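A.B. asks: Please see the structure below; I have some questions.
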Amino acid sequence: MLFRFVMQVLPASMVIAVGAVNVHAMEISPARVLTHSTPEGRTQSAILLEVTALKSGKIARDHVILVDTSASQVGEHRRQSLAVLNALLQSLPAGDRVRLFALDLQADSLGDGFSEVGSTELKESFQRLQERTPLGATNLESGLRAALQAVTDRPADLTYIGDGMSTADLIEARELQALILELRDRKMPVHSFGVGAQRNLQLLGILAHQTGGFVAFDTPAVAADSQFQPRKTRSARLVQELTRVHRGDEERAVEQGQALAKALTAPVFFPNEFQLTPAGITLLPGNALPIRTDRETIYLVDGALPADAQIRLAGTGDEALEWKLAAPQEQPGATFLPGMIRQLATTNGLTNPLAGLTLFQLAQVDFSSDVTALAQQAGLALQQGDTDKAAKITDIVEQADPNNKAVKLLLAATGRLTVQPASQTEEAAAEPETPAEEPFVAPDPGASLLEDQRQMILLQTQKLRNETSNAIEQARQGLDPVSGLATLKQTLGAVKSAIDIAPEDRQRMQKQLESEILNQENQQEIMEQRRTRGLESRAQQEALRRLAETAMLDEERLENLIDRVRTLMLEGRHGRDVAYGEAQEVADVAINLRPGEGSSAAARFDAESAQQLNRAYRLRARRADQFLETLHQVELSHIPYPDEPPIRFPPAEVWKALSERRKANATVDLKRSSPNEKRIQRALSETTEVAFTDNPLEEAMNYLEDLHHIEIWLDREALSDEGINTDQQINLVMSGISLRSALRLILEPLGLTYLIEDEVMKITTQAMADEKMSTRVYPVADLVIPIRPPMMGRMGGMMGGMGGMMGGMGGMGGMGMGGMGGMGGMGGGMGMGMGMFSVPPEPVPFSQVAPAFHHRHP
């Protein structure tokens, strides 16, 4: 997409001079003012401001670069953008930092933060960009937002490389204004390099103009929907001179990248306010624009400017730039200004895309192309006899460029072809002819219609010849046979459908195109064969390279595994026994990696042998330790213990009385039940009768509630947590059993139970019931009352101790007599054990023993 305004081209020999600048009270020189006057007497002006040097200005040191990776950036366009980016990165000064983003539907950072120019991280980011496949559409707004979030407090700028076509999400005027305001507040210039089949240089120009950025672009851009392709005319040569398309692709990419790097490191002056004297003059845009040294800053004015007018742009402190405006000069090629100013007035000049003289001139080329295309459409309509359509198109062209020669010819032709009354025709014939003003000569109303038709046929024939020549030349010079072949076929279709030219001319051009199409198809086939052979060769080389890399990696991995086995075996020798098993597992991995390899098999054998030897050593050491520990226990068994105090048992009558009293008060429940709860407890022992056949659980509980006159409540929340529904089917037919048994038979298969709580019977889950606790007290006084054993008991203890001592002595004697000594030792140990068992613990007072045990419900 380019600038869609109709205009004529500046004369190639004209050089537009611009005024020098006053920086910090320097001498003021006049700035150039170009004007255009409409037939109605209105004047539009363009003010061109330029500086050659800046004593103060902001220079960016951090650079955020957005690279378009959408589906539109393929083929030659992608190679060109990557080549320009590579040259840009190599041309940035040392110390600058760069952060790369890939932009399509969203902006994806290709690195972690900013990277120094020439660093390994930046090279890896560029490599990831090269490996990324162009897919999807572009969301330019998300990319600008991501760039704003990525910058830090350091001076930064933004560079976009792509076609500027935000097809994923079109940027509305309000969103564009908000973005521009935020960029200006951050003093962040937006630079761009336009590359692609279709380029929105208008949007890129707006961003650069408003933020102090720079716009560069690749080859001449012509809108895809335009039927006019510029030929070897003065305007086409001007565009070619501007873009330097005559140089080689690599040389041009390096030059463009270096120029873009120079723009990124150029100072930018950001004024806070501007003033135009005398007052009362409205500039478009209506805000202070940033000033650069490498391009012009252009303001548009709807009206005439006095010769003594001045512009002053002021920054912070005493920074100020001032220009005097030179006398206005009429510019014939500026016929686009009325339409552009009318459009800019609706946005207060926000959409002014003229970021420099280059875009100014390129816009004129596009406008001139539009005028020519419209004029050709009107002429074609005349050839087909559609005078209404020709008149409508002529009106559009006349409104855009009233002084255009083609407009006057079309006006004369449409006026003669329109049917007029006979009286008017006679009056027109009777009037004397008035000579037309030079250089435009209106057609004679009395001329022959056949002559006009012949002229139109000649024009159409010449047009097709030029298109045929251009298509053939483009196909032969182009690097992409596919696009060249498509252009040839499109042109061939236009020639075949042209019925208003001579048949011999049509056949001649058709033969030329068909011959060139055949030649291009042959060239395409040859290139495809070469490409296929090249791909096969590269695939074979890549396979060999990967095979060698795999072998090297396997060798390196095997070596690492063997080293790991050695390390683990060393750890095992230093006491970590499990390391031998780990070494075997690592050796198994090495064997699976390369079966039959000697070093891995040897490592596995060594690890397994070392583990078995270590186990044998550990068992022998444990056997020796246990043997010595057993002898130690025998020695310990020789220590006698006195039977003091002795165990005393009470008389049988006292013991029986204590037991009977404990049974009478088996449990003491500290909880006090309400009357309703006591009624529920009594009902549990009542006899009931149930006959449920596929009855829901809730219905069964309601039946029992009515039968026994008790309150039964379903804990629906607990049942829902366990995934149990209240409509669960119950199948039970019983009679003559207690309600307690019936409830257990109904609820236990479902994982449910009941609680008597809050004066109701709660039906809940077993897990919820397990969390409910009640407190019970059990008397155990008779178990801890101090007992004095009778004399026989004490004597029994003493005899037990003596038996243990004698057994120990027998054991010691047995050590000198072989196997019998061990049995004597065991006998001694058993004797001492009997003596020790007879020693009672210290008596515990009853007042200290009143244990309370917690019981679960129910």
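Chain lettering (A, B, ...) mirrors the order of the structure tokens, residue numbering begins at 1 for each chain separately, and ligand numbering begins at 1 in order of display.
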Using only C-alpha atoms, which protein or nucleic acid residues come within 9 Å of region 210-213 of chain A? Drop anything in the same chain fewer than 6 positions from it, and give the result as a PyMOL selection string.
C.D. replies: chain A and resi 157-159+180-181+183-184+187-192+263-264+268-270+285+287-292+297+350-353+355
A.B. asks: Compile the contact shell of region 589-605 of chain A as an mmCIF file with N, CA and C atoms, in the first residue's frame: residues with an atom at most 10 Å away, counting only C-alpha atoms, same-chain residues fewer than 3 positions apart removed.
C.D. replies:
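selection.cif was written with the following content:
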data_model
loop_
_atom_site.group_PDB
_atom_site.id
_atom_site.type_symbol
_atom_site.label_atom_id
_atom_site.label_comp_id
_atom_site.auth_asym_id
_atom_site.auth_seq_id
_atom_site.Cartn_x
_atom_site.Cartn_y
_atom_site.Cartn_z
ATOM 1 N N ASP A 554 28.347 -40.607 20.404
ATOM 2 C CA ASP A 554 28.297 -41.915 21.061
ATOM 3 C C ASP A 554 29.625 -42.238 21.729
ATOM 4 N N GLU A 555 30.709 -41.908 21.020
ATOM 5 C CA GLU A 555 32.032 -42.177 21.588
ATOM 6 C C GLU A 555 32.263 -41.341 22.844
ATOM 7 N N ARG A 557 29.915 -40.086 24.758
ATOM 8 C CA ARG A 557 29.016 -40.560 25.805
ATOM 9 C C ARG A 557 29.539 -41.849 26.433
ATOM 10 N N LEU A 558 30.069 -42.771 25.606
ATOM 11 C CA LEU A 558 30.625 -44.008 26.140
ATOM 12 C C LEU A 558 31.797 -43.723 27.069
ATOM 13 N N GLU A 559 32.630 -42.779 26.665
ATOM 14 C CA GLU A 559 33.767 -42.427 27.507
ATOM 15 C C GLU A 559 33.298 -41.846 28.840
ATOM 16 N N ASN A 560 32.268 -41.020 28.786
ATOM 17 C CA ASN A 560 31.728 -40.452 30.022
ATOM 18 C C ASN A 560 31.132 -41.535 30.913
ATOM 19 N N LEU A 561 30.457 -42.527 30.309
ATOM 20 C CA LEU A 561 29.884 -43.610 31.101
ATOM 21 C C LEU A 561 30.969 -44.440 31.786
ATOM 22 N N ILE A 562 32.049 -44.748 31.061
ATOM 23 C CA ILE A 562 33.148 -45.523 31.660
ATOM 24 C C ILE A 562 33.779 -44.736 32.805
ATOM 25 N N ASP A 563 33.954 -43.420 32.608
ATOM 26 C CA ASP A 563 34.486 -42.594 33.694
ATOM 27 C C ASP A 563 33.551 -42.609 34.893
ATOM 28 N N VAL A 565 31.594 -45.098 35.769
ATOM 29 C CA VAL A 565 31.759 -46.402 36.429
ATOM 30 C C VAL A 565 32.985 -46.376 37.336
ATOM 31 N N ARG A 566 34.104 -45.823 36.843
ATOM 32 C CA ARG A 566 35.317 -45.748 37.658
ATOM 33 C C ARG A 566 35.069 -44.927 38.922
ATOM 34 N N MET A 569 32.931 -46.928 41.452
ATOM 35 C CA MET A 569 33.696 -47.992 42.108
ATOM 36 C C MET A 569 34.663 -47.408 43.129
ATOM 37 N N ALA A 583 27.200 -48.613 39.741
ATOM 38 C CA ALA A 583 28.211 -48.798 38.698
ATOM 39 C C ALA A 583 27.768 -49.865 37.701
ATOM 40 N N GLN A 584 27.116 -50.927 38.193
ATOM 41 C CA GLN A 584 26.614 -51.951 37.277
ATOM 42 C C GLN A 584 25.530 -51.393 36.355
ATOM 43 N N GLU A 585 24.629 -50.563 36.897
ATOM 44 C CA GLU A 585 23.580 -49.969 36.068
ATOM 45 C C GLU A 585 24.178 -49.064 34.983
ATOM 46 N N VAL A 586 25.175 -48.264 35.346
ATOM 47 C CA VAL A 586 25.826 -47.402 34.350
ATOM 48 C C VAL A 586 26.531 -48.249 33.298
ATOM 49 N N GLU A 608 30.510 -55.848 38.977
ATOM 50 C CA GLU A 608 29.815 -56.963 39.598
ATOM 51 C C GLU A 608 30.739 -57.742 40.524
ATOM 52 N N SER A 609 31.982 -57.963 40.115
ATOM 53 C CA SER A 609 32.935 -58.680 40.965
ATOM 54 C C SER A 609 33.209 -57.905 42.251
ATOM 55 N N ALA A 610 33.406 -56.633 42.126
ATOM 56 C CA ALA A 610 33.681 -55.818 43.314
ATOM 57 C C ALA A 610 32.493 -55.844 44.267
ATOM 58 N N GLN A 611 31.252 -55.848 43.735
ATOM 59 C CA GLN A 611 30.078 -55.881 44.597
ATOM 60 C C GLN A 611 29.998 -57.207 45.359
#
A.B. asks: Could you pull out the helix (DSSP H, G or I) residues of region 616-798 of chain A from DSSP and send them as JSON, numbers by chain?
C.D. replies: {"A": [616, 617, 618, 619, 620, 621, 622, 623, 624, 625, 626, 627, 628, 629, 630, 631, 632, 633, 634, 635, 636, 652, 653, 654, 655, 656, 657, 658, 659, 660, 661, 662, 663, 664, 675, 676, 677, 678, 679, 680, 681, 682, 683, 684, 697, 698, 699, 700, 701, 702, 703, 704, 705, 706, 707, 708, 716, 717, 718, 719, 720, 721, 739, 740, 741, 742, 743, 744, 745, 746, 747, 748, 749, 750, 766, 767, 768, 769, 770, 781, 782, 783, 791, 792, 793, 794, 795, 796, 797, 798]}
A.B. asks: Output C-alpha atoms for every residue in that selection, as a PDB file, in the first residue's frame.
C.D. replies:
ATOM      1  CA  ALA A 616      31.301 -61.373  51.300  1.00  0.00           C
ATOM      2  CA  TYR A 617      33.543 -59.064  53.302  1.00  0.00           C
ATOM      3  CA  ARG A 618      30.566 -57.385  54.966  1.00  0.00           C
ATOM      4  CA  LEU A 619      28.991 -60.754  55.897  1.00  0.00           C
ATOM      5  CA  ARG A 620      32.228 -62.069  57.442  1.00  0.00           C
ATOM      6  CA  ALA A 621      32.646 -58.870  59.427  1.00  0.00           C
ATOM      7  CA  ARG A 622      29.021 -59.015  60.600  1.00  0.00           C
ATOM      8  CA  ARG A 623      29.427 -62.672  61.660  1.00  0.00           C
ATOM      9  CA  ALA A 624      32.482 -61.824  63.728  1.00  0.00           C
ATOM     10  CA  ASP A 625      30.730 -58.831  65.304  1.00  0.00           C
ATOM     11  CA  GLN A 626      27.648 -60.878  66.193  1.00  0.00           C
ATOM     12  CA  PHE A 627      29.804 -63.624  67.724  1.00  0.00           C
ATOM     13  CA  LEU A 628      31.565 -61.135  69.980  1.00  0.00           C
ATOM     14  CA  GLU A 629      28.222 -59.467  70.827  1.00  0.00           C
ATOM     15  CA  THR A 630      26.810 -62.862  71.862  1.00  0.00           C
ATOM     16  CA  LEU A 631      29.776 -63.426  74.202  1.00  0.00           C
ATOM     17  CA  HIS A 632      29.140 -59.981  75.672  1.00  0.00           C
ATOM     18  CA  GLN A 633      25.517 -60.884  76.389  1.00  0.00           C
ATOM     19  CA  VAL A 634      26.705 -64.015  78.186  1.00  0.00           C
ATOM     20  CA  GLU A 635      28.913 -61.869  80.396  1.00  0.00           C
ATOM     21  CA  LEU A 636      25.999 -59.558  81.114  1.00  0.00           C
ATOM     22  CA  ALA A 652      -8.199 -63.591  97.094  1.00  0.00           C
ATOM     23  CA  GLU A 653     -11.238 -61.938  98.684  1.00  0.00           C
ATOM     24  CA  VAL A 654      -9.762 -58.410  98.281  1.00  0.00           C
ATOM     25  CA  TRP A 655      -8.728 -59.068  94.699  1.00  0.00           C
ATOM     26  CA  LYS A 656     -12.221 -60.390  93.854  1.00  0.00           C
ATOM     27  CA  ALA A 657     -13.911 -57.350  95.410  1.00  0.00           C
ATOM     28  CA  LEU A 658     -11.745 -54.927  93.438  1.00  0.00           C
ATOM     29  CA  SER A 659     -12.487 -56.718  90.184  1.00  0.00           C
ATOM     30  CA  GLU A 660     -16.232 -56.723  90.847  1.00  0.00           C
ATOM     31  CA  ARG A 661     -16.191 -52.986  91.579  1.00  0.00           C
ATOM     32  CA  ARG A 662     -14.232 -52.271  88.399  1.00  0.00           C
ATOM     33  CA  LYS A 663     -16.695 -54.262  86.305  1.00  0.00           C
ATOM     34  CA  ALA A 664     -19.638 -52.412  87.831  1.00  0.00           C
ATOM     35  CA  PRO A 675     -34.359 -36.749  75.871  1.00  0.00           C
ATOM     36  CA  ASN A 676     -34.559 -36.959  72.071  1.00  0.00           C
ATOM     37  CA  GLU A 677     -31.167 -38.620  71.899  1.00  0.00           C
ATOM     38  CA  LYS A 678     -32.137 -41.119  74.612  1.00  0.00           C
ATOM     39  CA  ARG A 679     -35.321 -41.920  72.664  1.00  0.00           C
ATOM     40  CA  ILE A 680     -33.207 -42.583  69.546  1.00  0.00           C
ATOM     41  CA  GLN A 681     -30.880 -44.861  71.539  1.00  0.00           C
ATOM     42  CA  ARG A 682     -33.872 -46.818  72.850  1.00  0.00           C
ATOM     43  CA  ALA A 683     -35.323 -47.051  69.351  1.00  0.00           C
ATOM     44  CA  LEU A 684     -32.102 -48.675  68.121  1.00  0.00           C
ATOM     45  CA  LEU A 697     -32.026 -44.266  50.231  1.00  0.00           C
ATOM     46  CA  GLU A 698     -33.888 -41.105  51.202  1.00  0.00           C
ATOM     47  CA  GLU A 699     -37.251 -42.871  50.917  1.00  0.00           C
ATOM     48  CA  ALA A 700     -35.996 -45.773  53.102  1.00  0.00           C
ATOM     49  CA  MET A 701     -34.803 -43.386  55.809  1.00  0.00           C
ATOM     50  CA  ASN A 702     -38.138 -41.538  55.755  1.00  0.00           C
ATOM     51  CA  TYR A 703     -39.926 -44.874  56.243  1.00  0.00           C
ATOM     52  CA  LEU A 704     -37.828 -45.778  59.300  1.00  0.00           C
ATOM     53  CA  GLU A 705     -38.262 -42.248  60.655  1.00  0.00           C
ATOM     54  CA  ASP A 706     -42.074 -42.557  60.529  1.00  0.00           C
ATOM     55  CA  LEU A 707     -42.057 -46.137  61.826  1.00  0.00           C
ATOM     56  CA  HIS A 708     -39.977 -45.495  64.967  1.00  0.00           C
ATOM     57  CA  ARG A 716     -26.030 -34.443  51.934  1.00  0.00           C
ATOM     58  CA  GLU A 717     -22.790 -32.469  51.789  1.00  0.00           C
ATOM     59  CA  ALA A 718     -20.693 -35.376  53.123  1.00  0.00           C
ATOM     60  CA  LEU A 719     -22.496 -37.820  50.800  1.00  0.00           C
ATOM     61  CA  SER A 720     -21.893 -35.544  47.819  1.00  0.00           C
ATOM     62  CA  ASP A 721     -18.166 -35.286  48.631  1.00  0.00           C
ATOM     63  CA  LEU A 739     -33.276 -51.156  64.141  1.00  0.00           C
ATOM     64  CA  ARG A 740     -29.519 -51.016  64.814  1.00  0.00           C
ATOM     65  CA  SER A 741     -28.922 -54.175  62.761  1.00  0.00           C
ATOM     66  CA  ALA A 742     -31.227 -52.992  59.972  1.00  0.00           C
ATOM     67  CA  LEU A 743     -29.356 -49.696  59.714  1.00  0.00           C
ATOM     68  CA  ARG A 744     -26.009 -51.492  59.518  1.00  0.00           C
ATOM     69  CA  LEU A 745     -27.276 -53.809  56.777  1.00  0.00           C
ATOM     70  CA  ILE A 746     -28.557 -50.809  54.782  1.00  0.00           C
ATOM     71  CA  LEU A 747     -25.685 -48.352  55.292  1.00  0.00           C
ATOM     72  CA  GLU A 748     -22.459 -50.424  55.435  1.00  0.00           C
ATOM     73  CA  PRO A 749     -22.610 -51.603  51.754  1.00  0.00           C
ATOM     74  CA  LEU A 750     -22.769 -47.954  50.768  1.00  0.00           C
ATOM     75  CA  GLN A 766     -17.657 -43.549  57.550  1.00  0.00           C
ATOM     76  CA  ALA A 767     -14.823 -41.037  57.045  1.00  0.00           C
ATOM     77  CA  MET A 768     -16.893 -38.228  58.575  1.00  0.00           C
ATOM     78  CA  ALA A 769     -17.976 -40.463  61.499  1.00  0.00           C
ATOM     79  CA  ASP A 770     -14.352 -41.394  62.233  1.00  0.00           C
ATOM     80  CA  ALA A 781      -7.216 -48.851  90.434  1.00  0.00           C
ATOM     81  CA  ASP A 782      -7.018 -52.565  91.144  1.00  0.00           C
ATOM     82  CA  LEU A 783      -4.345 -52.922  88.506  1.00  0.00           C
ATOM     83  CA  MET A 791       7.832 -64.933 101.934  1.00  0.00           C
ATOM     84  CA  MET A 792       7.580 -67.684  99.440  1.00  0.00           C
ATOM     85  CA  GLY A 793       7.530 -65.207  96.648  1.00  0.00           C
ATOM     86  CA  ARG A 794      10.680 -63.553  97.917  1.00  0.00           C
ATOM     87  CA  MET A 795      12.387 -66.858  98.242  1.00  0.00           C
ATOM     88  CA  GLY A 796      11.328 -67.739  94.732  1.00  0.00           C
ATOM     89  CA  GLY A 797      12.994 -64.598  93.476  1.00  0.00           C
ATOM     90  CA  MET A 798      16.164 -65.338  95.349  1.00  0.00           C
TER      91      MET A 798
END
A.B. asks: Could you pull out all residues of region 143-228 of chain A with a DSSP call of strand (DSSP E or B) and give them as a list of chain:residue names?
C.D. replies: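 Residues of region 143-228 of chain A classed as strand (DSSP E or B): A:Ala156, A:Asp157, A:Leu158, A:Thr159, A:Tyr160, A:Ile161, A:Gly162, A:Val190, A:His191, A:Ser192, A:Phe193, A:Gly194, A:Val215, A:Ala216, A:Phe217.
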A.B. asks: Please produce a file of those selected residues containing N, CA and C atoms, as a JSON list (two decimals), in the first residue's frame.
C.D. replies:
[["chain", "number", "residue", "atom", "x", "y", "z"],
["A", 156, "ALA", "N", 16.67, 4.61, 23.89],
["A", 156, "ALA", "CA", 16.36, 3.47, 23.03],
["A", 156, "ALA", "C", 15.59, 3.93, 21.81],
["A", 157, "ASP", "N", 15.61, 3.10, 20.77],
["A", 157, "ASP", "CA", 14.80, 3.33, 19.59],
["A", 157, "ASP", "C", 14.22, 1.99, 19.14],
["A", 158, "LEU", "N", 13.35, 2.05, 18.14],
["A", 158, "LEU", "CA", 12.67, 0.86, 17.63],
["A", 158, "LEU", "C", 12.87, 0.81, 16.12],
["A", 159, "THR", "N", 13.21, -0.36, 15.60],
["A", 159, "THR", "CA", 13.40, -0.54, 14.17],
["A", 159, "THR", "C", 12.52, -1.69, 13.70],
["A", 160, "TYR", "N", 11.73, -1.43, 12.67],
["A", 160, "TYR", "CA", 10.84, -2.45, 12.11],
["A", 160, "TYR", "C", 11.32, -2.79, 10.70],
["A", 161, "ILE", "N", 11.44, -4.08, 10.41],
["A", 161, "ILE", "CA", 11.84, -4.57, 9.09],
["A", 161, "ILE", "C", 10.71, -5.44, 8.57],
["A", 162, "GLY", "N", 10.00, -4.96, 7.56],
["A", 162, "GLY", "CA", 8.86, -5.69, 7.00],
["A", 162, "GLY", "C", 8.08, -4.81, 6.06],
["A", 190, "VAL", "N", 10.99, 5.64, 15.84],
["A", 190, "VAL", "CA", 10.60, 4.41, 15.15],
["A", 190, "VAL", "C", 11.17, 4.46, 13.74],
["A", 191, "HIS", "N", 12.18, 3.64, 13.48],
["A", 191, "HIS", "CA", 12.77, 3.51, 12.16],
["A", 191, "HIS", "C", 12.15, 2.30, 11.45],
["A", 192, "SER", "N", 12.29, 2.25, 10.16],
["A", 192, "SER", "CA", 11.73, 1.11, 9.44],
["A", 192, "SER", "C", 12.46, 0.92, 8.12],
["A", 193, "PHE", "N", 12.47, -0.35, 7.70],
["A", 193, "PHE", "CA", 12.96, -0.72, 6.38],
["A", 193, "PHE", "C", 11.85, -1.50, 5.70],
["A", 194, "GLY", "N", 11.25, -0.90, 4.66],
["A", 194, "GLY", "CA", 10.12, -1.50, 3.98],
["A", 194, "GLY", "C", 10.57, -2.50, 2.93],
["A", 215, "VAL", "N", 12.90, 6.29, 7.44],
["A", 215, "VAL", "CA", 12.26, 5.27, 6.61],
["A", 215, "VAL", "C", 13.16, 4.97, 5.42],
["A", 216, "ALA", "N", 13.50, 3.70, 5.26],
["A", 216, "ALA", "CA", 14.21, 3.24, 4.06],
["A", 216, "ALA", "C", 13.37, 2.12, 3.46],
["A", 217, "PHE", "N", 13.60, 1.82, 2.18],
["A", 217, "PHE", "CA", 12.84, 0.75, 1.54],
["A", 217, "PHE", "C", 13.66, 0.16, 0.43]]
A.B. asks: Which is closest to Tyr299 (chain A) among A:Thr282, A:Gln364, A:Gln127, A:Asn519, if we use only C-alpha atoms?
C.D. replies: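 The shortest atom-to-atom distance to Tyr299 (chain A) comes from A:Thr282.
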A.B. asks: Show which residues sit within 9 Å of Thr316 (chain A), as a PyMOL selection string. Count only C-alpha atoms, and ignore same-chain residues fewer than 2 positions away.
C.D. replies: chain A and resi 270-272+314+318-320
A.B. asks: Which distance in Å separates CA of Leu34 (chain A) and CA of Leu54 (chain A), to one decimal?
C.D. replies: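 Separating CA of Leu34 (chain A) from CA of Leu54 (chain A) is a distance of 25.0 Å.
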A.B. asks: What is the distance between CA of Asp112 (chain A) and CA of Thr133 (chain A), in Å to one decimal?
C.D. replies: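 Calculated distance between CA of Asp112 (chain A) and CA of Thr133 (chain A) is 20.6 Å.
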A.B. asks: Check the smallest atom-to-atom distance from each of A:Leu464, A:Leu547, A:Leu170, A:Leu49 to Leu321 (chain A) using only C-alpha atoms, then report the winner.
C.D. replies: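 Selected residue with least distance to Leu321 (chain A): A:Leu49.
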A.B. asks: Can you tell me how far CA of Phe101 (chain A) sits from CA of Asp153 (chain A), in Å to one decimal?
C.D. replies: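 Computing the Euclidean distance for CA of Phe101 (chain A) and CA of Asp153 (chain A) yields 19.3 Å.
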A.B. asks: Determine the nearest neighbour of Glu689 (chain A) from the options A:Pro645, A:Gln729, A:Ile737, A:Leu544, counting only C-alpha atoms.
C.D. replies: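 Ranking A:Pro645, A:Gln729, A:Ile737, A:Leu544 by distance to Glu689 (chain A), first place goes to A:Ile737.
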